[in-house]
Amino acid sequence: MKSLRYDGGRIITLIVIIAVVEGLFLWFAASSFANTQDIKTITTTVSPTIKVITETITTTVAGGGVEAICFSRVEQCDDVIAHLIGEARKSIYVAVYSFTRDNLARALIEAKGRGVDVRVVLEGDNAYASGSDYQLLKDGGVDVRLDGNPALMHHKFMVVDGGLVLTGSYNWSTAAEDRNDENIVIIRDRHVAEAFTQEFNRLWSQTIVG
């Protein structure tokens, strides 16, 4: 009798264990399904956003693309910039952190003299620094203003005739041309130019007339 009761106990215990394991399995399966649904929902929500960003980047770069690259110290980047200024026919918009390169200031003044709409935004903290061309530009009739950002306006770009963008690490300064390792990238693409023009207009709307 003791043996039968013992066997019966083992059977009951085994049944209980099987029931518990089966219950855990069903719970785990249900949880996994719920998580899968959550993941699918997140994927569905996020994927269109990623797709839009990818398409925007592709559209932006798909046009004329990068036309040229210049590295200071080993190339004359200021000559490249001056040449592009000389080719301008309608508009030149410049936003630059430091401007001390006199030949570039004179190139902008000449462009203004031949009827090009020339606008320049400079970092306010550098406008009256030693060697700054802020006053030279003003005296030459160029519409030059100081940025209204209490922090730094650290841009270094130019938009020419609404179709060409020059950008990079290169400040329009003697240090950038003769001492630092800097770069400029020239992009001829109207979509890129439009984006930079919008940013310039945002800066321009917040400028201070010095």
# chains A, B, ... in the order shown; residues from 1 in each chain; ligands from 1
>>> residues_around(residues="Val120 of chain A", least_positions_apart="5", cutoff="7 Å", atoms="only C-alpha atoms", output="PyMOL selection string")
chain A and resi 93-95+143-145
>>> atom_distance(atom1="atom CA of Val121 of chain A", atom2="atom CA of Asp79 of chain A")
20.9 Å
>>> closest_residue(among="A:Val116, A:Val74, A:Leu84, A:Val209", to="Ile187 of chain A", atoms="only C-alpha atoms")
A:Leu84
>>> closest_residue(among="A:His154, A:Gly131, A:Ala88, A:Ser98", to="Ala111 of chain A", atoms="only C-alpha atoms")
A:Ala88
>>> closest_atom_pairs(of="segment 109-136 of chain A", to="segment 167-177 of chain A", cutoff="12 Å", atoms="only C-alpha atoms", output="JSON lines")
{"residue": "A:Val120", "atom": "CA", "partner": "A:Trp172", "partner_atom": "CA", "distance": 11.9}
{"residue": "A:Leu122", "atom": "CA", "partner": "A:Trp172", "partner_atom": "CA", "distance": 10.6}
{"residue": "A:Glu123", "atom": "CA", "partner": "A:Asn171", "partner_atom": "CA", "distance": 11.2}
{"residue": "A:Asn126", "atom": "CA", "partner": "A:Ser173", "partner_atom": "CA", "distance": 11.4}
{"residue": "A:Ala129", "atom": "CA", "partner": "A:Ser173", "partner_atom": "CA", "distance": 12.0}
{"residue": "A:Ser130", "atom": "CA", "partner": "A:Ser173", "partner_atom": "CA", "distance": 11.4}
{"residue": "A:Gly131", "atom": "CA", "partner": "A:Ser173", "partner_atom": "CA", "distance": 9.0}
{"residue": "A:Ser132", "atom": "CA", "partner": "A:Ser173", "partner_atom": "CA", "distance": 8.7}
{"residue": "A:Asp133", "atom": "CA", "partner": "A:Ser173", "partner_atom": "CA", "distance": 9.5}
{"residue": "A:Tyr134", "atom": "CA", "partner": "A:Trp172", "partner_atom": "CA", "distance": 11.8}
>>> atom_distance(atom1="atom CA of Thr100 of chain A", atom2="atom CA of Asp189 of chain A")
28.2 Å
>>> closest_residue(among="A:Leu152, A:Ile81, A:Leu203, A:Ala193", to="Leu104 of chain A", atoms="only C-alpha atoms")
A:Ile81
>>> residues_around(residues="Ile69 of chain A", least_positions_apart="3", cutoff="7 Å", atoms="only C-alpha atoms", output="ChimeraX atom specification")
/A:184-186
>>> select_by_dssp(residues="segment 41-185 of chain A", states="strand (DSSP E or B)", output="ChimeraX atom specification")
/A:66-71,91-96,99,117-122,143-146,156-160,164-168,172,183-185
>>> closest_residue(among="A:Gly115, A:Gly124, A:Gly86, A:Gly65", to="Asn103 of chain A", atoms="only C-alpha atoms")
A:Gly86
>>> closest_residue(among="A:Val192, A:Phe200, A:Arg73, A:Asp125", to="Leu164 of chain A", atoms="only C-alpha atoms")
A:Val192
